[in-house]
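What follows is structure-v9.txt (compact mmCIF, C-alpha atoms).
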```
# COMPACT_ATOMS: atom_id res chain seq x y z
CA MET A 1 -94.33 111.77 -129.51
CA ILE A 2 -94.07 113.44 -126.11
CA PHE A 3 -91.88 110.73 -124.61
CA ASP A 4 -89.47 110.88 -127.57
CA GLU A 5 -89.04 114.60 -126.97
CA LEU A 6 -88.52 113.92 -123.26
CA LEU A 7 -85.77 111.43 -124.02
CA LYS A 8 -84.02 113.86 -126.37
CA LYS A 9 -84.27 116.64 -123.83
CA GLU A 10 -83.30 114.83 -120.66
CA SER A 11 -80.99 111.97 -121.71
CA THR A 12 -77.94 114.11 -122.38
CA HIS A 13 -76.68 114.19 -118.81
CA GLU A 14 -73.18 112.96 -118.07
CA SER A 15 -72.85 109.26 -117.36
CA SER A 16 -73.94 108.48 -113.82
CA ASN A 17 -71.31 107.29 -111.39
CA LEU A 18 -73.61 106.02 -108.67
CA GLY A 19 -71.26 103.51 -107.09
CA ASN A 20 -68.24 105.68 -106.47
CA GLN A 21 -65.18 103.79 -105.30
CA THR A 22 -62.79 105.06 -102.67
CA GLY A 23 -60.29 106.16 -105.27
CA ILE A 24 -57.57 104.14 -103.50
CA LYS A 25 -55.41 102.21 -105.96
CA VAL A 26 -55.06 98.56 -104.97
CA ILE A 27 -52.87 95.80 -106.35
CA GLN A 28 -52.98 92.15 -105.37
CA PHE A 29 -50.17 89.62 -105.67
CA TYR A 30 -51.42 86.06 -105.70
CA GLN A 31 -49.83 82.64 -105.59
CA THR A 32 -53.02 80.63 -106.20
CA ASP A 33 -56.11 81.19 -108.34
CA GLN A 34 -58.26 80.56 -105.26
CA HIS A 35 -56.75 83.60 -103.56
CA LYS A 36 -57.16 85.75 -106.67
CA SER A 37 -60.82 84.80 -107.07
CA LEU A 38 -61.69 85.43 -103.42
CA VAL A 39 -60.09 88.88 -103.40
CA GLU A 40 -61.90 89.88 -106.61
CA GLU A 41 -65.22 88.56 -105.29
CA THR A 42 -64.69 90.39 -102.00
CA PHE A 43 -64.08 93.69 -103.77
CA ARG A 44 -67.31 93.29 -105.73
CA PHE A 45 -69.05 92.47 -102.45
CA ILE A 46 -67.94 95.71 -100.79
CA GLY A 47 -68.76 97.76 -103.88
CA GLU A 48 -65.23 98.35 -105.13
CA SER A 49 -63.64 97.76 -108.52
CA ALA A 50 -61.50 94.63 -108.65
CA PRO A 51 -57.82 95.41 -107.97
CA SER A 52 -55.01 94.93 -110.45
CA ALA A 53 -53.75 91.35 -110.14
CA GLU A 54 -50.21 90.05 -110.62
CA LYS A 55 -48.64 86.66 -110.02
CA TYR A 56 -46.39 86.96 -106.97
CA THR A 57 -42.69 87.17 -107.77
CA PHE A 58 -40.61 88.83 -105.08
CA SER A 59 -38.25 90.59 -107.46
CA ASP A 60 -41.11 92.20 -109.40
CA VAL A 61 -43.30 93.44 -106.53
CA ALA A 62 -41.66 96.81 -105.94
CA LYS A 63 -41.59 97.89 -109.59
CA GLN A 64 -45.17 96.74 -110.14
CA VAL A 65 -46.32 98.77 -107.14
CA GLU A 66 -44.43 101.76 -108.45
CA ALA A 67 -45.79 101.39 -111.99
CA LEU A 68 -49.38 101.37 -110.71
CA ARG A 69 -48.69 103.99 -108.03
CA ALA A 70 -50.59 101.67 -105.72
CA GLN A 71 -51.61 102.79 -102.24
CA VAL A 72 -52.66 99.36 -100.92
CA ALA A 73 -51.13 95.96 -101.71
CA ILE A 74 -52.70 92.60 -100.87
CA ILE A 75 -50.05 89.88 -100.95
CA GLU A 76 -50.60 86.14 -100.67
CA LEU A 77 -47.78 84.29 -98.91
CA THR A 78 -49.57 81.02 -98.17
CA HIS A 79 -46.82 79.05 -99.92
CA CYS A 80 -43.90 80.85 -98.35
CA GLU A 81 -41.42 78.88 -96.22
CA ASP A 82 -40.49 81.83 -93.99
CA THR A 83 -43.26 84.44 -93.99
CA LEU A 84 -41.50 86.75 -91.53
CA GLU A 85 -38.26 86.85 -93.51
CA GLU A 86 -40.11 87.37 -96.77
CA CYS A 87 -42.02 90.31 -95.27
CA ARG A 88 -38.86 91.78 -93.83
CA ARG A 89 -37.31 91.76 -97.28
CA LEU A 90 -40.45 93.27 -98.78
CA SER A 91 -40.53 96.05 -96.19
CA GLU A 92 -37.10 97.12 -97.30
CA ARG A 93 -38.22 97.55 -100.89
CA LEU A 94 -41.78 98.86 -100.67
CA PRO A 95 -42.68 102.55 -100.12
CA ASN A 96 -43.41 103.53 -96.51
CA THR A 97 -46.68 105.08 -97.65
CA LEU A 98 -47.96 101.73 -98.98
CA SER A 99 -50.50 99.86 -96.85
CA VAL A 100 -49.71 96.14 -97.06
CA LEU A 101 -52.09 93.30 -96.21
CA ILE A 102 -50.48 89.85 -95.98
CA LEU A 103 -52.55 86.68 -96.35
CA GLY A 104 -50.56 83.80 -94.89
CA SER A 105 -50.96 80.27 -93.55
CA THR A 106 -48.79 80.66 -90.42
CA ASP A 107 -50.89 80.77 -87.25
CA SER A 108 -48.66 82.72 -84.89
CA ILE A 109 -49.31 85.67 -82.58
CA SER A 110 -45.62 86.56 -82.60
CA LEU A 111 -45.72 86.78 -86.40
CA VAL A 112 -48.63 89.22 -86.22
CA ARG A 113 -46.70 91.37 -83.74
CA GLU A 114 -43.55 91.34 -85.85
CA LEU A 115 -45.44 92.32 -88.99
CA LYS A 116 -47.21 95.09 -87.13
CA ALA A 117 -43.80 96.57 -86.43
CA PHE A 118 -43.26 96.71 -90.20
CA GLY A 119 -46.61 98.40 -90.61
CA PHE A 120 -48.03 95.27 -92.28
CA TYR A 121 -51.49 93.83 -91.65
CA TYR A 122 -51.83 90.06 -91.42
CA LEU A 123 -54.76 87.71 -91.93
CA LEU A 124 -54.65 83.94 -91.52
CA TRP A 125 -55.69 81.99 -94.60
CA PRO A 126 -58.26 80.60 -95.30
CA ILE A 127 -60.67 83.45 -94.59
CA THR A 128 -64.29 84.17 -95.47
CA LYS A 129 -65.38 86.85 -97.90
CA VAL A 130 -67.24 88.76 -95.18
CA GLU A 131 -64.22 88.83 -92.86
CA LEU A 132 -61.85 89.81 -95.66
CA GLY A 133 -64.23 92.53 -96.85
CA GLU A 134 -64.55 94.06 -93.40
CA PHE A 135 -60.79 94.00 -92.92
CA ILE A 136 -60.12 95.60 -96.31
CA GLU A 137 -62.58 98.39 -95.53
CA GLY A 138 -60.73 98.93 -92.27
CA VAL A 139 -57.39 99.13 -94.10
CA PHE A 140 -58.88 101.75 -96.40
CA GLU A 141 -60.10 103.80 -93.45
CA GLN A 142 -56.75 103.64 -91.70
CA HIS A 143 -54.95 104.48 -94.90
CA GLU A 144 -56.80 107.79 -95.12
CA ALA A 145 -56.98 108.55 -91.40
CA ALA A 146 -54.86 107.49 -88.44
CA ASN A 147 -57.90 106.70 -86.31
CA PHE A 148 -58.68 103.07 -87.10
CA LYS A 149 -61.59 101.44 -85.36
CA HIS A 150 -62.23 97.98 -86.73
CA ARG A 151 -65.82 97.10 -85.94
CA ARG A 152 -67.75 94.28 -87.43
CA ARG A 153 -71.26 95.13 -88.48
CA ALA A 154 -73.93 93.88 -90.83
CA LYS A 155 -74.10 94.93 -94.45
CA ARG A 156 -77.27 96.99 -94.82
CA ILE A 157 -79.27 96.59 -98.02
CA GLY A 158 -82.19 98.88 -98.80
CA VAL A 159 -84.76 97.80 -101.41
CA ILE A 160 -86.25 101.07 -102.65
CA GLY A 161 -89.31 101.72 -104.77
CA SER A 162 -90.10 105.04 -106.41
CA ARG A 163 -93.79 104.12 -106.42
CA GLY A 164 -96.05 101.54 -104.80
CA GLY A 165 -97.13 98.21 -106.21
CA ILE A 166 -93.97 97.36 -108.15
CA GLY A 167 -92.76 94.40 -106.09
CA VAL A 168 -90.41 95.96 -103.55
CA SER A 169 -91.70 93.93 -100.59
CA MET A 170 -91.59 90.74 -102.64
CA ILE A 171 -87.97 91.39 -103.66
CA THR A 172 -87.03 92.23 -100.06
CA ALA A 173 -88.45 88.95 -98.80
CA GLU A 174 -86.79 86.95 -101.58
CA LEU A 175 -83.39 88.52 -100.87
CA GLY A 176 -83.69 87.85 -97.14
CA TRP A 177 -84.69 84.24 -97.74
CA GLN A 178 -81.84 83.63 -100.20
CA LEU A 179 -79.20 85.22 -97.99
CA ALA A 180 -80.27 83.04 -95.08
CA ASN A 181 -80.85 79.78 -96.95
CA ASP A 182 -78.71 79.83 -100.09
CA LYS A 183 -75.81 81.98 -98.87
CA GLN A 184 -75.87 80.60 -95.30
CA ALA A 185 -75.72 84.12 -93.79
CA SER A 186 -77.62 85.50 -90.83
CA CYS A 187 -80.12 88.11 -91.96
CA VAL A 188 -82.71 90.47 -90.47
CA VAL A 189 -85.50 91.66 -92.77
CA VAL A 190 -86.90 95.03 -91.66
CA ASP A 191 -90.45 96.16 -92.40
CA ASN A 192 -90.41 99.97 -92.46
CA ASN A 193 -94.14 100.28 -93.10
CA TYR A 194 -95.47 100.75 -89.57
CA LEU A 195 -99.17 100.83 -90.58
CA SER A 196 -99.72 98.00 -93.06
CA GLY A 197 -97.84 96.14 -95.79
CA ASN A 198 -97.50 92.55 -97.01
CA LEU A 199 -93.89 91.76 -96.19
CA ASP A 200 -94.92 89.28 -93.50
CA ILE A 201 -96.99 87.35 -96.04
CA PHE A 202 -94.12 87.16 -98.52
CA LEU A 203 -91.90 85.82 -95.71
CA GLY A 204 -94.49 83.25 -94.69
CA VAL A 205 -94.99 84.74 -91.22
CA LYS A 206 -98.44 83.80 -89.92
CA ASN A 207 -100.59 85.92 -87.61
CA ARG A 208 -97.81 88.37 -86.96
CA GLU A 209 -99.01 91.76 -85.77
CA LYS A 210 -96.57 94.65 -85.70
CA ARG A 211 -94.88 95.08 -82.33
CA LYS A 212 -96.01 98.10 -80.32
CA LEU A 213 -93.28 99.60 -78.16
CA ASN A 214 -93.64 100.36 -74.47
CA ALA A 215 -92.95 103.79 -72.98
CA ALA A 216 -89.29 103.09 -72.22
CA GLU A 217 -88.63 101.70 -75.71
CA SER A 218 -90.47 104.59 -77.34
CA GLY A 219 -88.24 106.96 -75.39
CA GLY A 220 -85.19 105.48 -77.06
CA GLN A 221 -84.06 103.26 -74.17
CA ILE A 222 -83.30 100.24 -76.32
CA ASP A 223 -80.28 98.05 -75.69
CA GLU A 224 -79.13 94.94 -77.51
CA SER A 225 -81.23 92.50 -75.48
CA ALA A 226 -84.36 94.65 -75.90
CA ALA A 227 -83.76 94.85 -79.64
CA LYS A 228 -83.46 91.07 -79.94
CA ALA A 229 -86.78 90.66 -78.12
CA LEU A 230 -88.53 92.68 -80.81
CA VAL A 231 -87.69 90.40 -83.75
CA THR A 232 -89.57 87.34 -84.95
CA ARG A 233 -87.41 84.33 -85.76
CA ILE A 234 -88.36 82.68 -89.04
CA ASN A 235 -85.52 80.17 -88.93
CA HIS A 236 -82.10 79.98 -87.27
CA ARG A 237 -80.60 82.42 -89.79
CA LEU A 238 -83.54 84.61 -90.78
CA GLU A 239 -85.33 87.12 -88.53
CA TYR A 240 -88.09 89.66 -89.15
CA LEU A 241 -88.49 93.07 -87.55
CA ALA A 242 -91.83 94.88 -87.84
CA LEU A 243 -92.63 97.71 -85.43
CA GLY A 244 -95.92 99.58 -85.26
CA LEU A 245 -97.01 102.95 -83.96
CA THR A 246 -98.89 103.66 -80.76
CA THR A 247 -98.66 107.41 -80.15
CA GLU A 248 -95.43 108.19 -81.98
CA THR A 249 -95.14 110.18 -85.19
CA SER A 250 -93.56 108.71 -88.30
CA THR A 251 -90.36 110.63 -87.54
CA ASP A 252 -90.23 109.15 -84.04
CA PHE A 253 -90.79 105.71 -85.48
CA TYR A 254 -87.97 106.11 -87.97
CA ASP A 255 -85.49 107.06 -85.25
CA ILE A 256 -86.66 104.27 -82.93
CA ASN A 257 -86.55 101.69 -85.72
CA ASN A 258 -82.97 102.67 -86.54
CA ALA A 259 -81.98 102.42 -82.89
CA VAL A 260 -83.27 98.84 -82.88
CA VAL A 261 -81.52 97.97 -86.15
CA ASN A 262 -78.22 99.43 -84.93
CA ASN A 263 -78.35 97.06 -81.96
CA LEU A 264 -79.04 94.10 -84.26
CA CYS A 265 -76.14 94.87 -86.63
CA ARG A 266 -73.55 93.22 -84.41
CA ASP A 267 -75.07 89.74 -84.64
CA ALA A 268 -76.18 89.65 -88.28
CA ASN A 269 -74.36 89.46 -91.58
CA PHE A 270 -77.06 91.37 -93.44
CA ILE A 271 -79.89 93.80 -92.71
CA VAL A 272 -82.42 94.05 -95.56
CA ASP A 273 -84.80 97.05 -95.40
CA ASP A 274 -88.13 97.17 -97.21
CA LEU A 275 -88.25 100.81 -98.32
CA SER A 276 -91.27 100.67 -100.60
CA ALA A 277 -93.07 103.85 -101.56
CA SER A 278 -95.71 103.25 -98.88
CA ILE A 279 -93.40 104.22 -96.02
CA SER A 280 -94.30 107.49 -94.30
CA PHE A 281 -90.92 109.20 -94.01
CA ASP A 282 -88.73 110.96 -96.54
CA LEU A 283 -85.96 108.89 -98.14
CA ARG A 284 -83.38 111.64 -98.50
CA PRO A 285 -80.08 110.83 -100.23
CA SER A 286 -78.17 111.92 -97.12
CA VAL A 287 -79.99 109.22 -95.14
CA LEU A 288 -79.35 106.56 -97.77
CA MET A 289 -75.65 107.40 -97.99
CA LYS A 290 -75.26 107.28 -94.22
CA GLN A 291 -77.08 104.02 -93.49
CA LEU A 292 -76.99 101.75 -96.52
CA ASP A 293 -74.18 99.75 -98.08
CA VAL A 294 -76.30 98.67 -101.07
CA ALA A 295 -79.38 100.40 -102.52
CA VAL A 296 -81.50 98.14 -104.70
CA VAL A 297 -83.61 100.58 -106.71
CA VAL A 298 -86.70 98.88 -108.18
CA MET A 299 -88.74 100.23 -111.08
CA ASP A 300 -91.30 98.95 -113.56
CA PRO A 301 -91.43 99.72 -117.31
CA THR A 302 -93.76 102.73 -117.18
CA ILE A 303 -93.06 106.39 -117.97
CA SER A 304 -94.17 107.66 -114.57
CA CYS A 305 -91.96 105.18 -112.69
CA LEU A 306 -89.05 105.92 -115.02
CA ARG A 307 -89.22 109.63 -114.24
CA GLU A 308 -89.47 109.00 -110.49
CA THR A 309 -86.48 106.63 -110.65
CA ALA A 310 -84.45 109.18 -112.61
CA ALA A 311 -85.20 111.81 -109.98
CA LEU A 312 -84.09 109.48 -107.19
CA LEU A 313 -80.85 108.47 -108.92
CA ASN A 314 -80.01 112.06 -109.81
CA SER A 315 -80.56 113.20 -106.23
CA ILE A 316 -78.21 110.46 -105.00
CA LYS A 317 -75.59 111.43 -107.56
CA LYS A 318 -75.92 115.12 -106.66
CA HIS A 319 -75.49 114.36 -102.96
CA ILE A 320 -72.36 112.33 -103.69
CA GLU A 321 -70.80 115.09 -105.75
CA GLU A 322 -71.73 118.00 -103.46
CA ASN A 323 -70.35 116.30 -100.37
CA GLU A 324 -67.31 114.73 -102.08
CA LEU A 325 -67.97 111.46 -100.30
CA ARG A 326 -65.05 109.04 -100.00
CA LYS A 327 -67.31 106.05 -100.31
CA THR A 328 -70.95 105.90 -101.27
CA VAL A 329 -73.81 103.48 -101.31
CA ARG A 330 -73.61 100.91 -104.08
CA VAL A 331 -76.64 101.20 -106.38
CA VAL A 332 -78.19 98.18 -108.11
CA LEU A 333 -80.96 98.96 -110.62
CA VAL A 334 -83.71 96.35 -111.00
CA LEU A 335 -86.41 96.42 -113.67
CA ASN A 336 -89.42 94.39 -112.54
CA LYS A 337 -91.73 93.42 -115.40
CA HIS A 338 -94.46 92.34 -113.01
CA ARG A 339 -97.26 92.81 -115.51
CA MET A 340 -97.96 91.59 -119.05
CA SER A 341 -96.20 93.33 -121.93
CA ARG A 342 -99.28 95.28 -123.02
CA PHE A 343 -99.07 97.25 -119.75
CA GLN A 344 -95.42 98.23 -120.37
CA SER A 345 -95.06 101.72 -121.86
CA VAL A 346 -91.24 101.89 -122.19
CA THR A 347 -88.62 99.44 -123.40
CA GLU A 348 -85.35 98.42 -121.74
CA ALA A 349 -83.41 100.39 -124.37
CA GLU A 350 -85.43 103.53 -123.64
CA ILE A 351 -84.92 103.12 -119.90
CA THR A 352 -81.16 102.73 -120.29
CA LYS A 353 -81.01 105.75 -122.58
CA TYR A 354 -83.13 107.96 -120.33
CA LEU A 355 -81.30 107.06 -117.11
CA ASN A 356 -77.92 106.97 -118.84
CA ALA A 357 -77.17 103.95 -116.66
CA PRO A 358 -77.39 100.18 -117.26
CA ILE A 359 -80.10 97.96 -115.84
CA ASP A 360 -78.39 95.42 -113.59
CA VAL A 361 -81.17 92.82 -113.31
CA VAL A 362 -84.42 92.36 -115.27
CA LEU A 363 -87.16 90.36 -113.54
CA PRO A 364 -89.39 88.90 -116.28
CA TYR A 365 -93.17 88.57 -116.09
CA GLU A 366 -94.13 85.16 -114.73
CA ILE A 367 -97.77 84.17 -115.02
CA THR A 368 -97.51 81.60 -112.21
CA ALA A 369 -95.84 83.97 -109.71
CA GLU A 370 -99.00 85.00 -107.85
CA GLU A 371 -100.15 81.40 -107.56
CA ALA A 372 -96.76 80.38 -106.19
CA LEU A 373 -96.78 83.15 -103.58
CA VAL A 374 -100.31 82.35 -102.44
CA SER A 375 -99.29 78.71 -102.10
CA GLY A 376 -96.47 79.67 -99.73
CA ASN A 377 -93.57 79.23 -102.16
CA MET A 378 -90.46 81.37 -102.59
CA LEU A 379 -90.06 82.53 -106.18
CA SER A 380 -86.27 82.40 -105.99
CA SER A 381 -86.38 78.70 -105.16
CA GLY A 382 -88.31 77.91 -108.31
CA LYS A 383 -86.56 76.96 -111.53
CA THR A 384 -88.25 79.62 -113.63
CA LYS A 385 -86.66 82.56 -115.45
CA LEU A 386 -87.98 84.83 -112.69
CA GLY A 387 -86.46 82.59 -110.01
CA GLY A 388 -83.15 82.56 -111.85
CA GLN A 389 -83.05 86.36 -112.07
CA LEU A 390 -83.88 86.73 -108.38
CA ARG A 391 -80.94 84.44 -107.62
CA SER A 392 -78.77 86.51 -109.94
CA LEU A 393 -79.77 89.64 -108.03
CA CYS A 394 -78.72 88.08 -104.73
CA SER A 395 -75.43 86.88 -106.23
CA LEU A 396 -74.77 90.36 -107.61
CA ILE A 397 -75.29 91.92 -104.19
CA VAL A 398 -72.84 89.58 -102.45
CA GLY A 399 -70.22 90.00 -105.17
CA GLU A 400 -70.47 86.63 -106.87
CA VAL A 401 -70.05 86.14 -110.60
CA VAL A 402 -73.50 85.93 -112.15
CA THR A 403 -73.97 83.16 -114.71
CA PRO A 404 -76.87 83.14 -117.20
CA ASN A 405 -79.86 81.04 -116.18
CA ARG A 406 -80.72 78.63 -118.97
CA VAL A 407 -83.20 76.47 -117.05
CA LYS A 408 -86.63 75.98 -118.64
CA SER A 409 -89.38 78.05 -117.10
CA PHE A 410 -92.07 75.40 -116.59
CA LEU A 411 -90.38 73.51 -113.72
CA PRO A 412 -92.17 73.73 -110.34
CA PHE A 413 -91.34 75.95 -107.37
CA LEU A 414 -89.89 74.55 -104.17
CA ARG A 415 -91.94 75.00 -101.02
CA LYS A 416 -90.46 76.66 -97.97
CA LYS A 417 -91.20 73.58 -95.90
CA ASP A 418 -89.14 71.45 -98.32
CA VAL A 419 -85.98 73.55 -97.74
```

Reformat the file's structure so that it appears as structure tokens.
Amino acid sequence: MIFDELLKKESTHESSNLGNQTGIKVIQFYQTDQHKSLVEETFRFIGESAPSAEKYTFSDVAKQVEALRAQVAIIELTHCEDTLEECRRLSERLPNTLSVLILGSTDSISLVRELKAFGFYYLLWPITKVELGEFIEGVFEQHEAANFKHRRRAKRIGVIGSRGGIGVSMITAELGWQLANDKQASCVVVDNNYLSGNLDIFLGVKNREKRKLNAAESGGQIDESAAKALVTRINHRLEYLALGLTTETSTDFYDINNAVVNNLCRDANFIVDDLSASISFDLRPSVLMKQLDVAVVVMDPTISCLRETAALLNSIKKHIEENELRKTVRVVLVLNKHRMSRFQSVTEAEITKYLNAPIDVVLPYEITAEEALVSGNMLSSGKTKLGGQLRSLCSLIVGEVVTPNRVKSFLPFLRKKDV
């Protein structure tokens, strides 16, 4: 069989390492399980491996840091009577090259100033995962370079399809809706198809034509207020951006669209891009690495899509290796079984073998999916196997622990208006 020969020939590549970590060794010292869980979840959220974890005992900290050869230490001191004195004692024992982040319960500006003199960072507990993740990324940047510029910005997620008609726009809409409604995060969903597309339908946006830019906006004169005027508000957390061409080329559109998105990043927690195969500009790995935090690569179980997906993943991996990137986009592979089994030409085992990489989420075929979408329902709000896997995908992206969905598949979908 031709495909068997193809697998034997092309499946011998080295194991892909698509989600490269920074390479910085991190250890956390916790006093409570709540702290330990949040730190681990935050690291998954920012695309890093969970740090080594040790119960905090002052006398053991220095030798544990030394044994691991850690470069960054995250230390919980929420149950410490005198945080400043404890840190002073720690500073005398820990290597000067170690970056130390203290999580404490003392709300004091003077404490922050004193710890800064030790070279310690300080965050007041409790803290959200997003805030902690941004701060940890900043610590990593400052650890490697003296120029530290802490700037809050949205996490940018790109949903990428190697071919059309495999559900990329549907998945984009579902992720945006879940982030805004289930995860309580502000989100902007970006339609990168400036000519057509169905993303607006999946989001439940009625009679929404793509926004045509005026001469000033087309010339790149877009500030934050102008960018906000271009989005459509779906609800108080979810917004939709869909620009259309007038006289610009696709390259012009791409640059203008990014200028708008960059102005929206300051006020949103997430930007979700629909990068289906119908877009009219080249998705080069260098662009993906520069702009995205998470790349959700979608494929269906066909030979042609498998080969296109392999080419995309290999080009990303090659770009990472050639440029020796410190941190790269986190890749999540999604297999969408959007058609009945008789239309599927490869199995999950064959896909995993050919790509030499695991499938992160499998979206099963659901016969009632089209009816639900036409009726104005979100698939992820339904208690079907497909809905459960869409929720698992969203949880995976934000770093939560994914639990198996054991709910029966015949229960009805929730309507948007009921949420």

Shell of 12 Å around A:Ala229, all atoms listed in the file, local chain residues under 4 positions omitted, as a list in words: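 In the requested format, the answer is Arg211, Leu213, Glu217, Ile222, Asp223, Glu224, Ser225, Arg233, Glu239, Tyr240, Leu241, Ala242, Leu243, Val260, Asn263 and Leu264 of chain A.
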
Distance criterion (only C-alpha atoms): nearest to A:Ala295 out of A:Arg156, A:Arg88, A:Lys337, A:Lys36: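 Using only C-alpha atoms, the shortest distance to A:Ala295 belongs to A:Arg156.
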
Residues near A:Asn262, cut-off 10 Å, all atoms listed in the file, skip fewer than 6 positions along chain, as a ChimeraX atom specification: /A:153-154,223-224,227,256,271,291

Rank nothing, just name the residue among A:Val334, A:Leu124, A:Leu111, A:Leu396 nearest to A:Gly167, using all atoms listed in the file. A:Val334

Enumerate, as a list in words, the protein, DNA and RNA residues whose atoms approach (-98.4, 104.8, -106.1) to within 8 Å, taking into account all atoms listed in the file and the coordinate frame of the file.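 Protein, DNA and RNA residues close to (-98.4, 104.8, -106.1): Arg163, Gly164, Gly165, Ala277 and Ser278 of chain A.
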
Near stretch 95-109 of chain A, counting all atoms listed in the file, which residues have an atom at most 7 Å away, once you skip same-chain residues fewer than 4 positions from it, shown as a ChimeraX atom specification? /A:71-78,113,120-125,143

As a VMD selection string, please: the residues near A:Leu393 (cut-off 8 Å, all atoms listed in the file, same-chain neighbours under 4 positions excluded). chain A and resid 361 389 397

Between A:Ser169, A:Asn269, A:Asn181, A:Ser276, single out the one closest to A:Val130, counting all atoms listed in the file.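 Nearest to A:Val130: A:Asn269.
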
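With only C-alpha atoms as the atoms that count, the minimum distance from A:Glu321 to the choices A:Asn258, A:Ser345, A:Ser286, A:Thr309 is reached by A:Ser286.
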
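With all atoms listed in the file as the atoms that count, the minimum distance from A:Ser52 to the choices A:Arg284, A:Lys353, A:His79, A:Arg69 is reached by A:Arg69.
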
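For A:Asn198, the residues within 10 Å (counting all atoms listed in the file, excluding itself and residues fewer than 6 positions away along the chain) are Ser169, Met170, Ala173 and Asp191 of chain A.
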
Can you tell me how far atom CA of A:Gln64 sits from atom CA of A:Ser49, in Å to one decimal?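 Going from atom CA of A:Gln64 over to atom CA of A:Ser49 covers 18.6 Å.
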